[in-house]
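Student: Sharing run-v7.cif, mmCIF, C-alpha atoms and all ligand atoms:
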```
data_protein
#
loop_
_atom_site.label_atom_id
_atom_site.label_comp_id
_atom_site.auth_asym_id
_atom_site.auth_seq_id
_atom_site.Cartn_x
_atom_site.Cartn_y
_atom_site.Cartn_z
CA MET A 242 -9.82 31.90 10.56
CA ARG A 243 -6.08 31.52 10.92
CA ILE A 244 -4.06 28.36 11.24
CA ASP A 245 -0.84 27.78 13.14
CA SER A 246 1.82 29.87 11.38
CA LYS A 247 4.40 27.06 11.38
CA VAL A 248 1.92 24.73 9.66
CA ALA A 249 1.11 27.46 7.13
CA ASN A 250 4.81 27.93 6.37
CA LEU A 251 5.42 24.17 6.00
CA LEU A 252 2.51 23.86 3.59
CA ASP A 253 3.67 26.89 1.61
CA THR A 254 7.16 25.46 1.19
CA ALA A 255 5.71 22.04 0.27
CA GLN A 256 3.70 23.78 -2.47
CA SER A 257 7.00 24.98 -3.87
CA GLY A 258 8.37 21.42 -3.86
CA ARG A 259 10.29 21.21 -0.58
CA ALA A 260 9.42 18.16 1.49
CA PRO A 261 8.96 18.41 5.26
CA GLY A 262 11.69 16.66 7.27
CA LEU A 263 11.13 13.99 9.90
CA ASP A 264 10.62 16.43 12.79
CA GLU A 265 8.26 18.50 10.67
CA CYS A 266 6.23 15.42 9.73
CA ALA A 267 5.92 14.51 13.42
CA PHE A 268 4.79 18.09 14.11
CA LEU A 269 2.11 17.92 11.40
CA LEU A 270 0.82 14.67 12.90
CA GLU A 271 0.43 16.21 16.35
CA PHE A 272 -2.69 18.14 15.38
CA PRO A 273 -6.05 16.40 15.91
CA GLU A 274 -7.57 15.16 12.68
CA THR A 275 -10.56 17.48 13.24
CA SER A 276 -8.40 20.60 13.55
CA LEU A 277 -8.24 23.41 11.02
CA GLU A 278 -4.52 22.67 10.65
CA ALA A 279 -5.22 19.05 9.66
CA ALA A 280 -7.87 20.22 7.18
CA HIS A 281 -5.36 22.61 5.54
CA LEU A 282 -2.75 19.83 5.51
CA ARG A 283 -5.11 17.46 3.68
CA ALA A 284 -6.14 20.16 1.20
CA ALA A 285 -2.56 21.21 0.44
CA SER A 286 -1.41 17.62 0.04
CA ASP A 287 -4.35 16.89 -2.25
CA ALA A 288 -3.52 19.86 -4.50
CA ILE A 289 0.18 18.92 -4.58
CA THR A 290 -0.55 15.28 -5.51
CA ARG A 291 -2.94 16.25 -8.29
CA ARG A 292 -0.34 18.58 -9.77
CA ARG A 293 2.52 16.10 -9.22
CA PHE A 294 0.79 13.20 -10.98
CA GLY A 295 -1.34 15.11 -13.51
CA ASN A 296 -4.55 14.24 -11.63
CA ALA A 297 -4.19 10.60 -12.76
CA GLY A 298 -5.05 7.78 -10.37
CA LEU A 299 -3.44 4.35 -10.37
CA ILE A 300 -5.21 1.03 -9.85
CA PHE A 301 -3.33 -1.94 -8.43
CA GLY A 302 -4.52 -5.50 -7.97
CA GLN A 303 -3.38 -7.86 -5.24
CA ILE A 304 -4.00 -11.61 -5.16
CA GLY A 305 -3.40 -13.45 -1.90
CA ILE A 306 -2.32 -16.78 -3.34
CA GLU A 307 -2.09 -18.89 -0.19
CA ILE A 308 -3.16 -19.13 3.43
CA ALA A 309 -1.25 -20.76 6.29
CA SER A 310 -0.74 -20.35 9.98
CA CYS A 311 1.97 -17.71 9.55
CA PRO A 312 5.10 -17.68 11.72
CA GLY A 313 5.25 -13.90 11.37
CA ALA A 314 2.66 -14.05 14.18
CA CYS A 315 1.65 -10.41 13.66
CA ARG A 316 -0.80 -9.65 16.44
CA PHE A 317 -3.10 -7.70 14.09
CA CYS A 318 -3.27 -10.23 11.22
CA SER A 319 -5.95 -12.81 10.55
CA PHE A 320 -3.35 -15.39 9.39
CA ALA A 321 -1.00 -15.17 12.38
CA ALA A 322 0.11 -18.34 14.14
CA GLY A 323 -1.43 -18.38 17.59
CA HIS A 324 -4.82 -16.93 16.76
CA THR A 325 -5.70 -17.63 13.11
CA ALA A 326 -8.98 -19.43 12.47
CA PHE A 327 -8.11 -20.22 8.83
CA ALA A 328 -7.22 -23.66 7.51
CA ALA A 329 -4.18 -23.77 5.22
CA SER A 330 -4.94 -23.50 1.51
CA VAL A 331 -3.13 -22.74 -1.75
CA MET A 332 -4.82 -21.11 -4.72
CA SER A 333 -4.63 -23.28 -7.83
CA ASP A 334 -2.78 -22.07 -10.94
CA ASP A 335 -6.12 -21.81 -12.74
CA ASP A 336 -7.70 -19.73 -10.00
CA ILE A 337 -4.67 -17.42 -9.90
CA LEU A 338 -4.84 -16.94 -13.65
CA GLY A 339 -8.62 -16.41 -13.44
CA ASN A 340 -8.07 -13.58 -10.96
CA VAL A 341 -5.25 -12.19 -13.12
CA ALA A 342 -7.62 -12.14 -16.11
CA GLY A 343 -10.26 -10.34 -14.04
CA PHE A 344 -7.80 -7.66 -12.98
CA THR A 345 -6.16 -7.11 -16.36
CA ALA A 346 -9.09 -7.48 -18.80
CA SER A 347 -9.91 -3.77 -18.97
CA GLY A 348 -6.28 -2.71 -19.53
CA GLU A 349 -6.47 -0.28 -16.62
CA LEU A 350 -4.28 -2.10 -14.10
CA ASP A 351 -0.99 -0.39 -13.24
CA ALA A 352 0.63 -3.11 -11.13
CA LEU A 353 -0.25 -6.63 -10.01
CA PHE A 354 0.83 -7.80 -6.55
CA LEU A 355 1.11 -11.46 -5.50
CA MET A 356 0.95 -12.04 -1.75
CA THR A 357 2.09 -15.04 0.28
CA MET A 358 2.59 -15.63 3.99
CA HIS A 359 5.94 -14.76 5.63
CA THR A 360 7.41 -18.12 4.59
CA PHE A 361 7.04 -19.26 1.01
CA ASP A 362 8.36 -21.90 -1.38
CA ILE A 363 10.65 -20.04 -3.80
CA GLU A 364 10.35 -22.69 -6.54
CA TRP A 365 6.57 -22.62 -6.43
CA LEU A 366 6.55 -18.83 -6.31
CA THR A 367 8.87 -18.44 -9.32
CA HIS A 368 6.62 -20.87 -11.21
CA ILE A 369 3.57 -18.73 -10.37
CA VAL A 370 5.43 -15.58 -11.38
CA GLU A 371 6.35 -17.12 -14.75
CA ILE A 372 2.79 -18.18 -15.62
CA VAL A 373 1.37 -14.84 -14.48
CA ARG A 374 4.00 -12.88 -16.40
CA GLU A 375 2.92 -14.63 -19.60
CA ARG A 376 -0.67 -13.49 -19.08
CA ILE A 377 -0.28 -9.84 -18.18
CA PRO A 378 0.47 -6.96 -20.53
CA GLN A 379 4.19 -6.47 -21.03
CA GLY A 380 4.46 -3.10 -19.30
CA THR A 381 2.42 -4.08 -16.24
CA GLU A 382 4.49 -4.15 -13.06
CA LEU A 383 4.53 -7.51 -11.27
CA VAL A 384 5.23 -7.12 -7.56
CA VAL A 385 5.66 -9.66 -4.77
CA ASN A 386 4.42 -9.10 -1.23
CA ILE A 387 6.16 -11.92 0.61
CA GLY A 388 8.36 -12.63 3.65
CA ASP A 389 12.06 -11.93 4.03
CA PHE A 390 14.36 -13.06 1.23
CA ASP A 391 18.01 -12.74 0.23
CA GLY A 392 19.83 -11.44 -2.84
CA ALA A 393 19.82 -14.79 -4.66
CA GLN A 394 16.07 -15.14 -4.21
CA ALA A 395 15.58 -11.55 -5.35
CA GLN A 396 17.50 -12.37 -8.55
CA ALA A 397 15.50 -15.58 -9.08
CA LEU A 398 12.25 -13.66 -8.77
CA LYS A 399 13.50 -10.96 -11.11
CA THR A 400 14.54 -13.55 -13.69
CA ALA A 401 11.08 -15.11 -13.48
CA GLY A 402 9.46 -11.75 -14.26
CA VAL A 403 9.07 -9.83 -11.02
CA THR A 404 9.68 -6.08 -11.31
CA GLY A 405 9.17 -5.00 -7.72
CA ALA A 406 8.60 -6.02 -4.11
CA TYR A 407 6.51 -4.62 -1.28
CA HIS A 408 8.39 -4.82 1.98
CA VAL A 409 7.85 -2.91 5.19
CA VAL A 410 9.41 -2.51 8.61
CA ARG A 411 6.05 -2.32 10.33
CA LEU A 412 5.05 -0.16 13.26
CA GLY A 413 5.70 -2.41 16.24
CA GLU A 414 7.90 -4.79 14.23
CA GLY A 415 9.57 -7.15 16.69
CA SER A 416 7.07 -6.42 19.48
CA ASP A 417 3.68 -6.77 17.78
CA THR A 418 5.23 -9.29 15.38
CA ALA A 419 7.68 -12.19 15.76
CA LEU A 420 9.88 -10.73 13.02
CA ASP A 421 13.27 -9.01 13.26
CA PRO A 422 13.30 -5.36 12.06
CA GLU A 423 16.92 -5.80 10.94
CA ALA A 424 15.99 -8.80 8.78
CA ARG A 425 13.24 -6.69 7.24
CA LYS A 426 15.76 -3.95 6.41
CA ALA A 427 18.18 -6.53 4.97
CA THR A 428 15.42 -7.67 2.60
CA ILE A 429 14.77 -4.08 1.56
CA ARG A 430 18.48 -3.75 0.72
CA ALA A 431 18.30 -7.01 -1.28
CA ILE A 432 15.35 -5.59 -3.22
CA LYS A 433 17.23 -2.39 -4.02
CA GLU A 434 20.47 -4.19 -4.90
CA ALA A 435 18.62 -6.49 -7.30
CA GLY A 436 17.31 -3.41 -9.13
CA LEU A 437 13.70 -4.14 -8.23
CA ASP A 438 11.19 -1.38 -7.51
CA TRP A 439 10.56 -1.11 -3.80
CA TRP A 440 7.09 -0.44 -2.37
CA TYR A 441 6.58 0.74 1.20
CA CYS A 442 3.80 1.80 3.57
CA CYS A 443 3.21 3.37 6.98
CA GLU A 444 1.36 0.45 8.58
CA PRO A 445 -0.49 -0.87 10.46
CA ILE A 446 -1.46 2.40 12.15
CA GLY A 447 -3.35 2.18 15.44
CA PRO A 448 -4.53 4.79 17.97
CA GLU A 449 -1.51 4.07 20.18
CA HIS A 450 1.11 5.20 17.66
CA SER A 451 2.60 8.59 18.48
CA PRO A 452 3.30 11.26 15.84
CA ARG A 453 7.04 10.60 16.23
CA GLU A 454 6.66 6.81 15.82
CA LEU A 455 4.63 7.39 12.67
CA ALA A 456 7.12 9.92 11.29
CA GLU A 457 10.12 7.67 11.96
CA GLN A 458 8.46 4.64 10.39
CA LEU A 459 7.23 6.45 7.29
CA PHE A 460 10.58 8.16 6.80
CA LEU A 461 12.31 4.87 6.13
CA GLY A 462 10.43 4.81 2.83
CA VAL A 463 11.87 8.21 1.97
CA ARG A 464 15.44 7.41 3.04
CA TYR A 465 15.69 4.18 1.06
CA GLY A 466 13.77 5.58 -1.92
CA CYS A 467 10.45 3.85 -2.62
CA VAL A 468 8.44 3.95 -5.85
CA GLY A 469 5.22 3.56 -3.90
CA HIS A 470 4.43 4.81 -0.40
CA ALA A 471 1.14 4.65 1.48
CA ALA A 472 -0.67 4.75 4.78
CA MET A 473 -2.70 1.83 6.13
CA ARG A 474 -4.67 1.63 9.33
CA ARG A 475 -4.91 -1.49 11.43
CA VAL A 476 -8.32 -2.99 10.85
CA HIS A 477 -10.20 -4.09 13.96
CA LEU A 478 -10.29 -7.88 13.94
CA PRO A 479 -12.31 -8.93 17.01
CA SER A 480 -10.34 -12.17 17.44
CA SER A 481 -6.86 -10.62 17.20
CA PRO A 482 -4.69 -9.85 20.26
CA LEU A 483 -4.59 -6.14 19.38
CA ALA A 484 -8.37 -5.76 19.04
CA ALA A 485 -8.67 -3.91 22.36
CA ARG A 486 -6.40 -1.11 21.12
CA GLY A 487 -9.10 -0.05 18.66
CA GLN A 488 -8.92 1.52 15.21
CA ILE A 489 -8.14 5.03 14.01
CA SER A 490 -10.71 6.95 11.96
CA GLU A 491 -10.50 7.33 8.19
CA LEU A 492 -10.00 11.04 8.89
CA ARG A 493 -6.84 10.36 10.93
CA LEU A 494 -5.70 7.93 8.24
CA ALA A 495 -6.17 10.72 5.68
CA GLN A 496 -3.98 12.99 7.81
CA VAL A 497 -1.17 10.39 7.81
CA THR A 498 -1.68 9.89 4.07
CA ALA A 499 -1.26 13.63 3.58
CA VAL A 500 2.02 13.63 5.51
CA VAL A 501 3.29 10.61 3.56
CA ALA A 502 2.52 12.40 0.30
CA LEU A 503 4.41 15.51 1.39
CA ALA A 504 7.39 13.58 2.81
CA THR A 505 7.88 11.76 -0.49
CA LEU A 506 8.41 15.05 -2.30
CA ALA A 507 12.02 14.34 -1.28
CA CYS A 508 11.90 11.03 -3.13
CA PRO A 509 12.06 11.49 -6.92
CA ASP A 510 11.26 7.82 -7.63
CA THR A 511 7.89 7.87 -5.90
CA ARG A 512 5.04 7.60 -8.38
CA ALA A 513 2.25 6.27 -6.16
CA ILE A 514 0.74 7.31 -2.84
CA GLY A 515 -1.77 4.81 -1.48
CA VAL A 516 -4.39 4.65 1.25
CA HIS A 517 -5.46 1.28 2.68
CA GLU A 518 -8.14 0.35 2.74
CA PRO A 519 -9.17 2.69 -0.05
CA ASN A 520 -11.49 5.53 0.88
CA LEU A 521 -12.45 8.95 -0.43
CA LEU A 522 -10.93 10.91 2.45
CA GLY A 523 -7.48 9.49 1.66
CA LEU A 524 -7.93 9.99 -2.07
CA THR A 525 -8.68 13.66 -1.44
CA ALA A 526 -5.74 14.10 0.97
CA GLY A 527 -2.76 13.19 -1.19
CA ALA A 528 -3.30 9.56 -2.25
CA ASN A 529 -3.47 8.79 -5.98
CA SER A 530 -3.72 5.00 -5.92
CA LEU A 531 -5.80 2.14 -4.59
CA PHE A 532 -6.02 -1.65 -4.63
CA ALA A 533 -8.47 -4.17 -5.94
CA GLU A 534 -8.00 -7.44 -4.01
CA ALA A 535 -8.74 -11.14 -4.44
CA GLY A 536 -7.93 -14.27 -2.46
CA ALA A 537 -6.32 -14.06 0.97
CA ASN A 538 -6.38 -10.68 2.75
CA PRO A 539 -4.79 -10.27 6.21
CA ARG A 540 -7.43 -7.71 7.19
CA ASP A 541 -10.35 -9.97 6.29
CA THR A 542 -12.14 -12.77 8.17
CA CYS A 543 -13.27 -14.32 4.89
CA GLU A 544 -10.97 -16.77 3.06
CA ASN A 545 -11.53 -15.05 -0.27
CA THR A 546 -11.77 -11.29 0.03
CA THR A 547 -13.50 -10.94 -3.35
CA GLY A 548 -16.98 -9.53 -2.74
CA HIS A 549 -16.13 -8.98 0.94
CA ARG A 550 -13.44 -6.44 1.93
CA GLY A 551 -11.77 -6.70 -1.49
CA ARG A 552 -12.79 -4.29 -4.22
CA ASP A 553 -12.75 -5.00 -7.96
CA ILE A 554 -11.41 -2.82 -10.78
CA ARG A 555 -14.78 -1.20 -11.38
CA ASP A 556 -15.10 -0.24 -7.69
CA CYS A 557 -11.61 1.30 -7.79
CA LYS A 558 -12.36 3.20 -10.96
CA THR A 559 -15.59 4.54 -9.48
CA MET A 560 -13.81 5.66 -6.33
CA LEU A 561 -11.15 7.49 -8.35
CA TYR A 562 -13.89 9.20 -10.34
CA GLU A 563 -15.74 10.19 -7.16
CA ALA A 564 -12.48 11.61 -5.80
CA GLY A 565 -12.15 13.88 -8.83
CA PHE A 566 -9.37 12.13 -10.74
CA THR A 567 -9.67 12.70 -14.46
CA ALA A 568 -7.47 9.89 -15.78
CA ILE A 569 -6.08 6.46 -14.97
CA GLY A 570 -2.35 6.00 -15.45
CA THR A 571 -0.65 2.67 -16.09
CA SER A 572 2.92 1.45 -15.75
CA SER A 573 2.94 0.89 -19.51
CA LYS A 574 2.67 4.70 -19.77
CA ARG A 575 -0.92 4.72 -20.94
CA ARG A 576 -3.17 7.50 -19.72
CA ILE A 577 -6.83 6.62 -19.92
CA PRO A 578 -9.42 9.42 -19.51
CA LEU A 579 -11.73 8.84 -16.56
CA THR A 580 -14.81 10.74 -17.59
CA ASP A 581 -17.69 8.34 -18.15
CA VAL A 582 -17.62 5.86 -15.30
CA PHE A 583 -21.40 6.04 -14.75
CA ARG A 584 -22.40 6.65 -18.36
CA ASN A 585 -20.61 3.56 -19.59
CA PRO A 586 -20.85 0.87 -16.91
CA ALA A 587 -19.76 -2.16 -18.99
S1 LIG B 1 1.02 -9.77 8.30
FE1 LIG B 1 2.12 -11.15 6.88
S2 LIG B 1 3.90 -11.84 8.07
FE2 LIG B 1 2.43 -11.03 9.56
S3 LIG B 1 1.25 -12.83 10.25
FE3 LIG B 1 0.13 -11.84 8.56
S4 LIG B 1 0.79 -12.96 6.71
FE4 LIG B 1 2.29 -13.38 8.34
#
```
How does this structure look as structure tokens?

Tutor:
Amino acid sequence: MRIDSKVANLLDTAQSGRAPGLDECAFLLEFPETSLEAAHLRAASDAITRRRFGNAGLIFGQIGIEIASCPGACRFCSFAAGHTAFAASVMSDDDILGNVAGFTASGELDALFLMTMHTFDIEWLTHIVEIVRERIPQGTELVVNIGDFDGAQAQALKTAGVTGAYHVVRLGEGSDTALDPEARKATIRAIKEAGLDWWYCCEPIGPEHSPRELAEQLFLGVRYGCVGHAAMRRVHLPSSPLAARGQISELRLAQVTAVVALATLACPDTRAIGVHEPNLLGLTAGANSLFAEAGANPRDTCENTTGHRGRDIRDCKTMLYEAGFTAIGTSSKRRIPLTDVFRNPA
């Protein structure tokens, strides 16, 4: 069986380290996820990622530390003003630290993310960052996933102990959200100028997004230089305004993940490729990282995602093992063999 010769050439050159450009990424996304071309794409990306990162997977933890009716009003999010069913709540310091302890106890966490709504209280957030920083291992990355902020706030967060920030110009930003794409880009520049690591993602992917839209959105992460890139599908929330548009398959998500992994070959700082929510197809198509989650989760209908959509460290470790990874890497440069996940369940 032969595949499209242009796809074969692109995958061959990617194997030698050359990243596909924007047009080439859009081309790779035009093939149906069930095609032979998409299967070769996933396989090539998987092999390249395993070689690139020494077949080590990374485990991140995210804690959603508050819930409010969010003015971001993203039409796919369970916290958005206009359709959220959640009452406002703030996680106590003790509960935050309890979740931090749960994520860091085994020493296998690479990076810890703290998530707020679009608006946040900078004084409260810097306080939380300071108490969390004291409790996590020194080399562990501490990343904020928050709304737009300026250079002064970026510096304040850095001084408190933050090492990075997740910030995305989403698919449909400004039309499926109430947020300004230019303000999102300004925050990304503030992150970079403050010397913080910048984390990005192609999200939230729905069936309506064309190959070109996906390629243009994911390429921003390459152009600005992200340390972590990923692909995330929009999760079907029956009560959200975008519910009728449906949800892509994990197989299509794996195809986008594969393209993200190849595109970031042009980005020397990238050390993590993620797939959200974590699944084996993505982890065998170029992703090397996944999240454990606690507290608020914009893709969940449960106030605390622990035990619901959110996975714990053990679940993540098991999934990496099932996907064939042989080690866990950490930001403190440790490399922990991943060989006995079922033999040693403690
Ligand atoms: S995705 Fe973020 S910014 Fe958008 S409504 Fe949800 S919490 Fe707010």

Student: Skip region 455-467 of chain A itself and residues of its chain fewer than 6 positions away, then list as an mmCIF file with C-alpha atoms, keeping the file's coordinate frame all residues within 9 Å of it, counting only C-alpha atoms.

Tutor:
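Below is the file around27.cif, written as the result:
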```
data_model
loop_
_atom_site.group_PDB
_atom_site.id
_atom_site.type_symbol
_atom_site.label_atom_id
_atom_site.label_comp_id
_atom_site.auth_asym_id
_atom_site.auth_seq_id
_atom_site.Cartn_x
_atom_site.Cartn_y
_atom_site.Cartn_z
ATOM 1 C CA GLY A 262 11.690 16.660 7.270
ATOM 2 C CA LEU A 263 11.130 13.990 9.900
ATOM 3 C CA ASP A 264 10.620 16.430 12.790
ATOM 4 C CA GLU A 265 8.260 18.500 10.670
ATOM 5 C CA CYS A 266 6.230 15.420 9.730
ATOM 6 C CA ALA A 267 5.920 14.510 13.420
ATOM 7 C CA PHE A 268 4.790 18.090 14.110
ATOM 8 C CA LEU A 270 0.820 14.670 12.900
ATOM 9 C CA VAL A 409 7.850 -2.910 5.190
ATOM 10 C CA VAL A 410 9.410 -2.510 8.610
ATOM 11 C CA ARG A 411 6.050 -2.320 10.330
ATOM 12 C CA LEU A 412 5.050 -0.160 13.260
ATOM 13 C CA ILE A 429 14.770 -4.080 1.560
ATOM 14 C CA ARG A 430 18.480 -3.750 0.720
ATOM 15 C CA LYS A 433 17.230 -2.390 -4.020
ATOM 16 C CA ASP A 438 11.190 -1.380 -7.510
ATOM 17 C CA TRP A 439 10.560 -1.110 -3.800
ATOM 18 C CA TRP A 440 7.090 -0.440 -2.370
ATOM 19 C CA TYR A 441 6.580 0.740 1.200
ATOM 20 C CA CYS A 442 3.800 1.800 3.570
ATOM 21 C CA CYS A 443 3.210 3.370 6.980
ATOM 22 C CA GLU A 444 1.360 0.450 8.580
ATOM 23 C CA ILE A 446 -1.460 2.400 12.150
ATOM 24 C CA VAL A 497 -1.170 10.390 7.810
ATOM 25 C CA VAL A 500 2.020 13.630 5.510
ATOM 26 C CA VAL A 501 3.290 10.610 3.560
ATOM 27 C CA ALA A 504 7.390 13.580 2.810
ATOM 28 C CA THR A 505 7.880 11.760 -0.490
ATOM 29 C CA LEU A 506 8.410 15.050 -2.300
ATOM 30 C CA ALA A 507 12.020 14.340 -1.280
ATOM 31 C CA CYS A 508 11.900 11.030 -3.130
ATOM 32 C CA PRO A 509 12.060 11.490 -6.920
ATOM 33 C CA ASP A 510 11.260 7.820 -7.630
ATOM 34 C CA THR A 511 7.890 7.870 -5.900
ATOM 35 C CA ARG A 512 5.040 7.600 -8.380
#
```

Student: Is it possible to get the axis-aligned box enclosing region 500-503 of chain A (all listed atoms, 5 Å extra per side) as JSON, with centre and edge lengths in Å rounded to one decimal?

Tutor:
```
{"center_x": 3.2, "center_y": 13.1, "center_z": 2.9, "size_x": 12.4, "size_y": 14.9, "size_z": 15.2}
```

Student: Could I get the residues of chain A with an atom no further than 8 Å from an atom of ligand LIG 1 (chain B), each paired with its nearest atom pair and that distance in Å to one decimal, using all atoms listed in the file, sorted by chain and residue number, as CSV?

Tutor:
```
residue,atom,partner,partner_atom,distance
A:Ser310,CA,B:LIG1,FE4,7.8
A:Cys311,CA,B:LIG1,FE4,4.5
A:Pro312,CA,B:LIG1,FE4,6.1
A:Gly313,CA,B:LIG1,S2,4.1
A:Ala314,CA,B:LIG1,S3,4.3
A:Cys315,CA,B:LIG1,S3,4.2
A:Arg316,CA,B:LIG1,S3,7.3
A:Phe317,CA,B:LIG1,S1,7.4
A:Cys318,CA,B:LIG1,FE3,4.6
A:Ser319,CA,B:LIG1,FE3,6.5
A:Phe320,CA,B:LIG1,FE3,5.0
A:Ala321,CA,B:LIG1,S3,3.9
A:Ala322,CA,B:LIG1,S3,6.8
A:Thr357,CA,B:LIG1,S4,6.9
A:Met358,CA,B:LIG1,S4,4.2
A:His359,CA,B:LIG1,S2,4.3
A:Thr360,CA,B:LIG1,FE4,7.9
A:Ile387,CA,B:LIG1,FE1,7.5
A:Gly388,CA,B:LIG1,S2,6.3
A:Thr418,CA,B:LIG1,FE2,6.7
A:Leu420,CA,B:LIG1,S2,7.8
A:Pro539,CA,B:LIG1,FE3,5.7
```

Student: For Val331 (chain A), find every residue with an atom within 8 Å (counting only C-alpha atoms), except residues of its own chain fewer than 5 positions away, and show them as a list in words.

Tutor: Ile306, Glu307 and Ile308 of chain A

Student: CA of His549 (chain A) and CA of His324 (chain A), how far apart in Å?

Tutor: 21.0 Å

Student: CA of Met473 (chain A) and CA of Gln303 (chain A), how far apart in Å?

Tutor: 15.0 Å

Student: Pick out the residues sitting within 10 Å of Ala431 (chain A), and hand them over as a PyMOL selection string; count all atoms listed in the file, and ignore anything fewer than 3 positions along from it in its own chain.

Tutor: chain A and resi 389-396+425-428+434-437

Student: Determine the nearest neighbour of Thr525 (chain A) from the options A:Ser451, A:Thr367, A:Thr547, A:Thr498, counting all atoms listed in the file.

Tutor: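 Selected residue with least distance to Thr525 (chain A): A:Thr498.
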
Student: When you look at Arg584 (chain A) with a cut-off of 12 Å (counting all atoms listed in the file), what residues show up, excluding the ones that are within fewer than 5 positions of it in the same chain? I need them as a PDB file with C-alpha atoms, in the coordinates of the input.

Tutor:
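The resulting file, out06.pdb, is reproduced below:
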```
ATOM      1  CA  THR A 559     -15.590   4.540  -9.480  1.00  0.00           C
ATOM      2  CA  TYR A 562     -13.890   9.200 -10.340  1.00  0.00           C
ATOM      3  CA  LEU A 579     -11.730   8.840 -16.560  1.00  0.00           C
TER       4      LEU A 579
END
```

Student: When you count only C-alpha atoms, which of these residues is closest to Ser481 (chain A): A:Ala528, A:Ala535, A:Asp334, A:Thr325?

Tutor: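 Comparing A:Ala528, A:Ala535, A:Asp334, A:Thr325 against Ser481 (chain A), the winner is A:Thr325.
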
Student: Using only C-alpha atoms, which protein or nucleic acid residues come within 10 Å of Gly258 (chain A)? Drop anything in the same chain fewer than 4 positions from it, and give the result as a compact mmCIF listing (two decimals) with C-alpha atoms, in the coordinates of the input.

Tutor:
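And here's out-v3.txt as it stands now:
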```
# COMPACT_ATOMS: atom_id res chain seq x y z
CA LEU A 252 2.51 23.86 3.59
CA ASP A 253 3.67 26.89 1.61
CA THR A 254 7.16 25.46 1.19
CA ILE A 289 0.18 18.92 -4.58
CA ARG A 293 2.52 16.10 -9.22
CA LEU A 503 4.41 15.51 1.39
CA LEU A 506 8.41 15.05 -2.30
CA ALA A 507 12.02 14.34 -1.28
```

Student: At most 7 Å from (5.5, -13.1, -13.4), file frame, all atoms listed in the file: which residues, as a list in words?

Tutor: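 Nearby residues: Ile369, Val370, Glu371, Ile372, Val373, Arg374, Glu375, Leu383, Ala401, Gly402 and Val403 of chain A.
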
Student: In terms of the shortest atom-to-atom distance over all atoms listed in the file, which of A:Gly536, A:Gly565, A:Pro448, A:Ser416 is closest to Leu338 (chain A)?

Tutor: A:Gly536

Student: Could you please determine the separation between CA of Phe272 (chain A) and CA of Asn529 (chain A) in Å, to one decimal place?

Tutor: 23.3 Å

Student: Considering only C-alpha atoms, can you say which of A:Pro261, A:Gly515, A:Ala397, A:Arg453 comes closest to Leu366 (chain A)?

Tutor: A:Ala397

Student: Per residue of region 341-369 of chain A within 12 Å of region 569-576 of chain A, record the nearest atom pair and its distance in Å to one decimal, counting all atoms listed in the file, with rows in chain order and ascending residue number, as JSON lines.

Tutor:
```
{"residue": "A:Thr345", "atom": "CA", "partner": "A:Thr571", "partner_atom": "CA", "distance": 11.2}
{"residue": "A:Ser347", "atom": "CA", "partner": "A:Ile569", "partner_atom": "CA", "distance": 11.6}
{"residue": "A:Gly348", "atom": "CA", "partner": "A:Thr571", "partner_atom": "CA", "distance": 8.5}
{"residue": "A:Glu349", "atom": "CA", "partner": "A:Thr571", "partner_atom": "CA", "distance": 6.5}
{"residue": "A:Leu350", "atom": "CA", "partner": "A:Thr571", "partner_atom": "CA", "distance": 6.3}
{"residue": "A:Asp351", "atom": "CA", "partner": "A:Thr571", "partner_atom": "CA", "distance": 4.2}
{"residue": "A:Ala352", "atom": "CA", "partner": "A:Ser572", "partner_atom": "CA", "distance": 6.9}
{"residue": "A:Leu353", "atom": "CA", "partner": "A:Ser572", "partner_atom": "CA", "distance": 10.4}
```
